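Colleague: Below is a structure I'd like to ask you about.
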2 protein chains.
Amino acid sequence: MSENKTTLTDAVHDLLRKAIIEQALKPGMRLPEDTVGEQFGVSRTIVRHALVRLEHEGLVVTRRNRGAFVAEPSRDEAQHVFEVRRCLENDVIRILCERMPPSGYDRLEAHVRQEEAVKGKDGPVSIRLAGEFHVLLAELTGNPVLTRYVSEIVLRCSLIMSLYARSHSSDCAVDEHSQIIDAIRAGDAPRAIEIMEHHLGAVAGRAEFSAPPDSIQFILSHYGKELAQ
Amino acid sequence: MSENKTTLTDAVHDLLRKAIIEQALKPGMRLPEDTVGEQFGVSRTIVRHALVRLEHEGLVVTRRNRGAFVAEPSRDEAQHVFEVRRCLENDVIRILCERMPPSGYDRLEAHVRQEEAVKGKDGPVSIRLAGEFHVLLAELTGNPVLTRYVSEIVLRCSLIMSLYARSHSSDCAVDEHSQIIDAIRAGDAPRAIEIMEHHLGAVAGRAEFSAPPDSIQFILSHYGKELAQ
DNA sequence: CGCAACAGGATTGTATCCAATTGACGGGCA
DNA sequence: TGCCCGTCAATTGGATACAATCCTGTTGCG
C-alpha cells in the first residue's frame, strides 16, 4: 500500500464499502478474510477490523466460525431500514427549514446541476450522486451525528435497492430533489416532508413488490420455514 | 474466561460499555490495550476489536498511535447528540401512536412501576432503568434498526450527563414517563411529543449550563487559545 | 536560563502462528 | 438404499512477536 495518511484498516474499510454499494460484491457473497487480505496485500488482522466495522454498519453479516458475508437484508429488514430513513430525512428537513446555512442553497443547487449533467448515462456515478444528495442535506444541518446516521442508512438503502429493485435508472428523480429544495427555501416543512415521503415511498414501493423470480430464498420462504432454522 | 456462549469480543465489549456508563471509567480516561486485556485475561486482539466497536458507538475515541480514551464529548457534540435523540424519540412516538403492539402498555406500565420502586435510592439502577424506558419505547415500534439507534443515542446521553450534569438524581422524572404513556394511549402524538421534548429538554438544559469546575480544558479554553495550537 | 535536539521507554499498528469450530465427504450399519 | 457417524480439510477465533510511532525526560548549546 502506498499512502499512510490513514490507517490500513480505514483504507480496506472504504474499499470494501465502495465495492459493496457498487454491486461489485453482490449480496450474499462470501468474504473470506485471507482472500480479501491477499487481494489488497494486507494481513487478515486488517481485514477483520474492517469487517467488524462493516458489520456494525449493517453492510455485512458474520456468522460464528463461518465468516463474513455481504448482507442480504430480508424484506422485513428492508422495510425497517426504509422506515428509519424516512424518519431521519424528515427530521433533517424540519431542521433545515429552521436553520439553513448561508451557502446551503448554492451547494444544493450545484449538486442538482451535477445530477442533471449525468442524468442520461445510467452509471454508478448517477447512483452515487443520488445518495450523496441526501447526505448533503444532512450535512447542512451542521449536526455530525445526524449526518452519520443518514449516511449509514442511505448506504444500506443502496444495498437494499441493489437487491430488490429491477433497475436503478429512475432511482432518485432529480426534479423531486429540486422540489424539495424549493419547499425548504419557502420554509414549508410539511410540503417538503410530503415530497420527501413521496420520493422515498416511490423508491421503497418500487423495491417492495418487485419479487425476484429467480431467488431461491424467496421461493422456498413459504415451504418448510422450520427446516431453514 | 468461562462461558463461551458468545464471543470473547462481545463479552469485553459489554463489560467496557457497562463500565463506561456506570462511570467506573470516567470520560477522558485512557484505555491501554495491554492493561485492559490483562485485566480481563484476554489478548490485545480482543480488546482492540471491542474498542473498535465502542468507537463506532461514540463511547470512546482513538487517536492514531495514542490509544483509546473514554469519549469526552464537547458541548457542541453533546448538543448534537441530544438533538438527534429528540428527533429519534419523537419519531418513535409518532410510530407508536399509529401502531402500538398489544402487550405494549402492560410492559411500559410494568417498567414505570419498577422505576417507582427504586425511586428513592439514587443508585446506578435508577439511571439504568431511566435509560431503559426510552429503549423500551423504541423496541415497541418493532423496528430493530430504530431500536439500535435509540439505544446508542441513549447510551451516549448517559455518558454526556455523567460529564456535564451535577447529579443524576432527577435524571428522568418518572411521572413524565407516565404522562407520555397516557398521551400515546390517547393517540395524541403532538402532546406526547411535547412532553417528550420537555422531558429531554429539561435534562439537556440542566446539563448545558452546569460548568465542570475541574475540567482543565474548560478552564484553559479562555486563556491563550493560540498557544494550545 | 530557555529552547531544541536526542535518546529511552511505552504503546499502538501489523504480521505471523497455533488452536478450535464448522461443514463436507465417505464409510458403516440398519 | 437411505440415514448416521467419524474423520478431514478449510476457515475463523485468539495469542504472540516484531516494527513503527509517539511521548517524555534529559542533555547540550546558544
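Just remember, in the C-alpha cells the first chain shown is A, the second B, etc., residues are 1-based per chain, and ligands are 1-based in the order shown.
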Taking 2 positions as the minimum chain separation for residues in the same chain, which residues sit within 12 Å of DG28 of chain D when counting only C-alpha atoms (C1' of nucleotides)? Answer as a PyMOL selection string.
Modeller: (chain C and resi 3-6) or (chain D and resi 26+30)
Colleague: Env of segment 13-22 of chain A: 10 Å cut, atoms = only C-alpha atoms (C1' of nucleotides), seq-sep filter 5 positions within chain, self excluded. Answer as a compact mmCIF listing (two decimals) with C-alpha atoms, in the first residue's frame.
Modeller:
# COMPACT_ATOMS: atom_id res chain seq x y z
CA THR A 7 -4.63 3.55 8.84
CA LEU A 8 -4.73 0.47 6.67
CA PRO A 27 -25.33 -9.58 -1.52
CA MET A 29 -21.29 -13.25 -1.38
CA LEU A 31 -15.85 -12.53 2.19
CA VAL A 36 -9.63 -10.30 0.82
CA PHE A 40 -5.37 -5.98 -1.01
CA ILE A 46 -6.68 -5.66 8.99
CA VAL A 47 -9.47 -7.28 7.08
CA ARG A 48 -11.05 -8.46 10.29
CA HIS A 49 -11.10 -4.99 11.72
CA ALA A 50 -12.67 -3.66 8.56
CA LEU A 51 -15.28 -6.40 8.63
CA VAL A 52 -16.15 -5.61 12.23
CA ARG A 53 -16.94 -2.07 11.22
CA LEU A 54 -18.90 -3.08 8.17
CA GLU A 57 -22.88 -0.55 9.69
CA LEU A 59 -23.47 -3.93 5.27
CA VAL A 60 -22.09 -7.36 6.14
CA VAL A 70 -22.29 -9.29 2.23
CA ALA A 71 -25.59 -8.51 3.93
CA GLY A 123 -23.87 4.64 -14.43
CA PRO A 124 -22.66 4.10 -10.92
CA VAL A 125 -21.98 7.82 -10.82
CA ILE A 127 -26.39 6.19 -8.15
CA ARG A 128 -23.65 7.70 -6.06
CA LEU A 155 -25.77 3.22 2.19
CA ARG A 156 -27.93 0.43 3.48
CA CYS A 157 -30.73 1.58 1.23
CA SER A 158 -28.38 1.42 -1.72
CA LEU A 159 -27.61 -2.15 -0.85
CA ILE A 160 -31.29 -2.95 -0.49
CA MET A 161 -32.15 -1.36 -3.79
CA SER A 162 -29.47 -3.38 -5.48
Colleague: With a distance threshold of 9 Å and counting only C-alpha atoms (C1' of nucleotides), extract the residues of chain C near chain B and express them as an MDAnalysis selection string.
Modeller: chainID C and resid 11:13
Colleague: Return as a PDB file with C-alpha atoms, in the first residue's frame the residues belonging to chain A that are within 7 Å of chain B, counting only C-alpha atoms.
Modeller:
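Okay, iface.pdb is ready:
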ATOM      1  CA  HIS A  49     -11.101  -4.985  11.720  1.00  0.00           C
ATOM      2  CA  HIS A  80     -37.330  -1.227   8.752  1.00  0.00           C
ATOM      3  CA  VAL A  81     -34.369   0.463   7.181  1.00  0.00           C
ATOM      4  CA  VAL A  84     -35.872   4.818   9.721  1.00  0.00           C
ATOM      5  CA  CYS A  87     -37.850   9.393   9.875  1.00  0.00           C
ATOM      6  CA  ASP A  91     -36.047  15.313  10.764  1.00  0.00           C
ATOM      7  CA  ASN A 143     -25.023  18.020  13.022  1.00  0.00           C
ATOM      8  CA  VAL A 145     -24.196  12.761  14.497  1.00  0.00           C
ATOM      9  CA  LEU A 146     -27.268  13.112  12.341  1.00  0.00           C
TER      10      LEU A 146
END
Colleague: Can you build me a table of chain D residues sitting at most 7 Å from chain B, with the closest atom pair per residue and its distance in Å to one decimal, using only C-alpha atoms (C1' of nucleotides), sorted by chain and residue number, as JSON lines?
Modeller:
{"residue": "D:DA15", "atom": "C1'", "partner": "B:Ser43", "partner_atom": "CA", "distance": 6.3}
{"residue": "D:DT21", "atom": "C1'", "partner": "B:Asn65", "partner_atom": "CA", "distance": 6.2}
{"residue": "D:DC22", "atom": "C1'", "partner": "B:Asn65", "partner_atom": "CA", "distance": 6.6}
Colleague: Please indicate the distance in Å from atom CA of Phe133 of chain A to atom CA of Ile181 of chain A, rounded to one decimal place.
Modeller: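 Atom-to-atom, atom CA of Phe133 of chain A and atom CA of Ile181 of chain A are spaced 10.8 Å apart.
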Colleague: Please identify the strand (DSSP E) residues within segment 3-219 of chain A (assignment by DSSP from backbone atoms) and present them as a ChimeraX atom specification.
Modeller: /A:30-31,60-63,67-70
Colleague: Hey, can you spit out that residue selection with all heavy atoms as a compact mmCIF listing (two decimals), in the first residue's frame?
Modeller:
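That gives us out35.txt:
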# COMPACT_ATOMS: atom_id res chain seq x y z
N ARG A 30 -19.61 -14.44 -0.15
CA ARG A 30 -18.71 -14.66 0.98
C ARG A 30 -17.53 -13.70 0.92
O ARG A 30 -17.09 -13.30 -0.15
CB ARG A 30 -18.18 -16.09 0.98
CG ARG A 30 -19.22 -17.10 1.39
CD ARG A 30 -18.55 -18.36 1.90
NE ARG A 30 -17.75 -18.09 3.08
CZ ARG A 30 -16.64 -18.73 3.38
NH1 ARG A 30 -16.17 -19.65 2.60
NH2 ARG A 30 -15.98 -18.46 4.48
N LEU A 31 -17.01 -13.41 2.10
CA LEU A 31 -15.85 -12.53 2.19
C LEU A 31 -14.81 -13.20 3.08
O LEU A 31 -14.62 -12.80 4.23
CB LEU A 31 -16.24 -11.18 2.78
CG LEU A 31 -17.21 -10.33 1.96
CD1 LEU A 31 -17.66 -9.12 2.75
CD2 LEU A 31 -16.57 -9.90 0.67
N VAL A 60 -22.45 -5.94 6.18
CA VAL A 60 -22.09 -7.36 6.14
C VAL A 60 -22.63 -8.02 7.40
O VAL A 60 -22.87 -7.35 8.41
CB VAL A 60 -20.56 -7.59 6.04
CG1 VAL A 60 -19.94 -6.68 5.01
CG2 VAL A 60 -19.90 -7.41 7.38
N VAL A 61 -22.83 -9.30 7.31
CA VAL A 61 -23.19 -10.07 8.49
C VAL A 61 -22.14 -11.16 8.67
O VAL A 61 -21.58 -11.66 7.69
CB VAL A 61 -24.58 -10.72 8.35
CG1 VAL A 61 -25.65 -9.66 8.25
CG2 VAL A 61 -24.62 -11.62 7.15
N THR A 62 -21.87 -11.50 9.91
CA THR A 62 -20.89 -12.55 10.17
C THR A 62 -21.56 -13.63 10.99
O THR A 62 -22.33 -13.34 11.90
CB THR A 62 -19.68 -12.01 10.94
OG1 THR A 62 -20.10 -11.60 12.23
CG2 THR A 62 -19.05 -10.85 10.20
N ARG A 63 -21.27 -14.85 10.63
CA ARG A 63 -21.78 -15.97 11.41
C ARG A 63 -20.60 -16.64 12.09
O ARG A 63 -19.54 -16.82 11.49
CB ARG A 63 -22.53 -16.95 10.51
CG ARG A 63 -23.84 -16.36 10.02
CD ARG A 63 -24.91 -17.43 9.91
NE ARG A 63 -24.78 -18.20 8.68
CZ ARG A 63 -25.24 -17.80 7.52
NH1 ARG A 63 -25.86 -16.65 7.41
NH2 ARG A 63 -25.08 -18.54 6.44
N GLY A 67 -17.65 -17.02 9.02
CA GLY A 67 -17.09 -15.95 8.23
C GLY A 67 -18.06 -14.85 7.93
O GLY A 67 -19.17 -14.82 8.44
N ALA A 68 -17.65 -13.93 7.09
CA ALA A 68 -18.44 -12.75 6.79
C ALA A 68 -19.07 -12.88 5.41
O ALA A 68 -18.49 -13.48 4.51
CB ALA A 68 -17.56 -11.49 6.84
N PHE A 69 -20.28 -12.32 5.29
CA PHE A 69 -20.99 -12.30 4.02
C PHE A 69 -21.52 -10.90 3.79
O PHE A 69 -21.84 -10.19 4.75
CB PHE A 69 -22.18 -13.27 4.05
CG PHE A 69 -21.82 -14.69 4.37
CD1 PHE A 69 -21.57 -15.07 5.68
CD2 PHE A 69 -21.71 -15.64 3.37
CE1 PHE A 69 -21.21 -16.38 5.99
CE2 PHE A 69 -21.36 -16.94 3.67
CZ PHE A 69 -21.12 -17.31 4.98
N VAL A 70 -21.62 -10.54 2.54
CA VAL A 70 -22.29 -9.29 2.23
C VAL A 70 -23.75 -9.42 2.66
O VAL A 70 -24.39 -10.44 2.38
CB VAL A 70 -22.22 -8.98 0.72
CG1 VAL A 70 -22.95 -7.69 0.41
CG2 VAL A 70 -20.77 -8.89 0.28
Colleague: Let's see if you can do this: from backbone DSSP, list all alpha helix (DSSP H) residues in segment 93-192 of chain B, as a ChimeraX atom specification.
Modeller: /B:93-98,104-117,124-140,144-164,174-185,189-192
Colleague: Just to confirm, what's the straight-line distance from atom CA of Met196 of chain B to atom CA of Glu194 of chain A in Å (one decimal)?
Modeller: 24.0 Å
Colleague: Give me the residues within 12 Å of DA24 of chain C as a list in words, counting only C-alpha atoms (C1' of nucleotides) and dropping any in the same chain fewer than 5 places off.
Modeller: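 Those residues are DT7, DC8, DA9 and DA10 of chain D.
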Colleague: Do you have the atom CA of Leu140 of chain B-atom CA of Glu115 of chain B distance handy?
Modeller: 18.2 Å
Colleague: Please list as a PyMOL selection string every residue within 9 Å of segment 176-179 of chain A, counting only C-alpha atoms (C1' of nucleotides) and excluding residues in the same chain fewer than 3 positions away.
Modeller: chain A and resi 108-109+112+133-134+172-173+182-184+192+195-196+199
Colleague: Write a file of the just-selected residues containing N, CA and C atoms, as a PDB file, in the first residue's frame.
Modeller:
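Written file, again.pdb:
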ATOM      1  N   LEU A 108     -26.607  22.949  -2.685  1.00  0.00           N
ATOM      2  CA  LEU A 108     -27.639  22.007  -3.113  1.00  0.00           C
ATOM      3  C   LEU A 108     -27.893  22.129  -4.615  1.00  0.00           C
ATOM      4  N   GLU A 109     -28.008  23.389  -5.069  1.00  0.00           N
ATOM      5  CA  GLU A 109     -28.300  23.574  -6.487  1.00  0.00           C
ATOM      6  C   GLU A 109     -27.132  23.106  -7.353  1.00  0.00           C
ATOM      7  N   VAL A 112     -27.520  19.429  -7.640  1.00  0.00           N
ATOM      8  CA  VAL A 112     -28.586  19.031  -8.561  1.00  0.00           C
ATOM      9  C   VAL A 112     -28.131  19.204 -10.008  1.00  0.00           C
ATOM     10  N   PHE A 133     -26.847  13.362  -2.523  1.00  0.00           N
ATOM     11  CA  PHE A 133     -27.754  14.496  -2.325  1.00  0.00           C
ATOM     12  C   PHE A 133     -28.367  14.439  -0.922  1.00  0.00           C
ATOM     13  N   HIS A 134     -28.799  13.283  -0.557  1.00  0.00           N
ATOM     14  CA  HIS A 134     -29.438  13.141   0.750  1.00  0.00           C
ATOM     15  C   HIS A 134     -28.428  13.337   1.875  1.00  0.00           C
ATOM     16  N   CYS A 172     -33.568   8.053  -8.125  1.00  0.00           N
ATOM     17  CA  CYS A 172     -33.951   9.293  -7.492  1.00  0.00           C
ATOM     18  C   CYS A 172     -34.300  10.262  -8.605  1.00  0.00           C
ATOM     19  N   ALA A 173     -35.536  10.696  -8.606  1.00  0.00           N
ATOM     20  CA  ALA A 173     -35.940  11.659  -9.625  1.00  0.00           C
ATOM     21  C   ALA A 173     -35.328  13.010  -9.281  1.00  0.00           C
ATOM     22  N   ASP A 182     -36.842  23.707  -3.130  1.00  0.00           N
ATOM     23  CA  ASP A 182     -37.759  24.847  -3.190  1.00  0.00           C
ATOM     24  C   ASP A 182     -38.630  24.924  -1.942  1.00  0.00           C
ATOM     25  N   ALA A 183     -39.155  23.774  -1.543  1.00  0.00           N
ATOM     26  CA  ALA A 183     -40.040  23.761  -0.374  1.00  0.00           C
ATOM     27  C   ALA A 183     -39.287  24.208   0.866  1.00  0.00           C
ATOM     28  N   ILE A 184     -38.054  23.766   0.995  1.00  0.00           N
ATOM     29  CA  ILE A 184     -37.280  24.175   2.165  1.00  0.00           C
ATOM     30  C   ILE A 184     -37.013  25.678   2.112  1.00  0.00           C
ATOM     31  N   ALA A 192     -42.301  20.003   2.099  1.00  0.00           N
ATOM     32  CA  ALA A 192     -41.023  19.352   1.848  1.00  0.00           C
ATOM     33  C   ALA A 192     -41.070  17.905   2.332  1.00  0.00           C
ATOM     34  N   ILE A 195     -43.143  15.818  -0.059  1.00  0.00           N
ATOM     35  CA  ILE A 195     -42.401  15.444  -1.262  1.00  0.00           C
ATOM     36  C   ILE A 195     -41.385  14.357  -0.941  1.00  0.00           C
ATOM     37  N   MET A 196     -40.703  14.542   0.173  1.00  0.00           N
ATOM     38  CA  MET A 196     -39.690  13.553   0.549  1.00  0.00           C
ATOM     39  C   MET A 196     -40.330  12.185   0.774  1.00  0.00           C
ATOM     40  N   HIS A 199     -41.092  10.804  -2.466  1.00  0.00           N
ATOM     41  CA  HIS A 199     -39.822  10.479  -3.109  1.00  0.00           C
ATOM     42  C   HIS A 199     -39.303   9.129  -2.625  1.00  0.00           C
TER      43      HIS A 199
END
Colleague: Give the answer as one residue: which of B:Ser103, B:Gln39, B:Glu89, B:Glu116 has the shortest atom-to-atom distance to Val150 of chain B, using only C-alpha atoms?
Modeller: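 Of the candidates, the smallest distance to Val150 of chain B is held by B:Glu89.
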Colleague: Could you pull the residues within 12 Å of DC3 of chain D, counting only C-alpha atoms (C1' of nucleotides), minus those fewer than 3 positions along the same chain, as a VMD selection string?
Modeller: chain C and resid 28 to 30
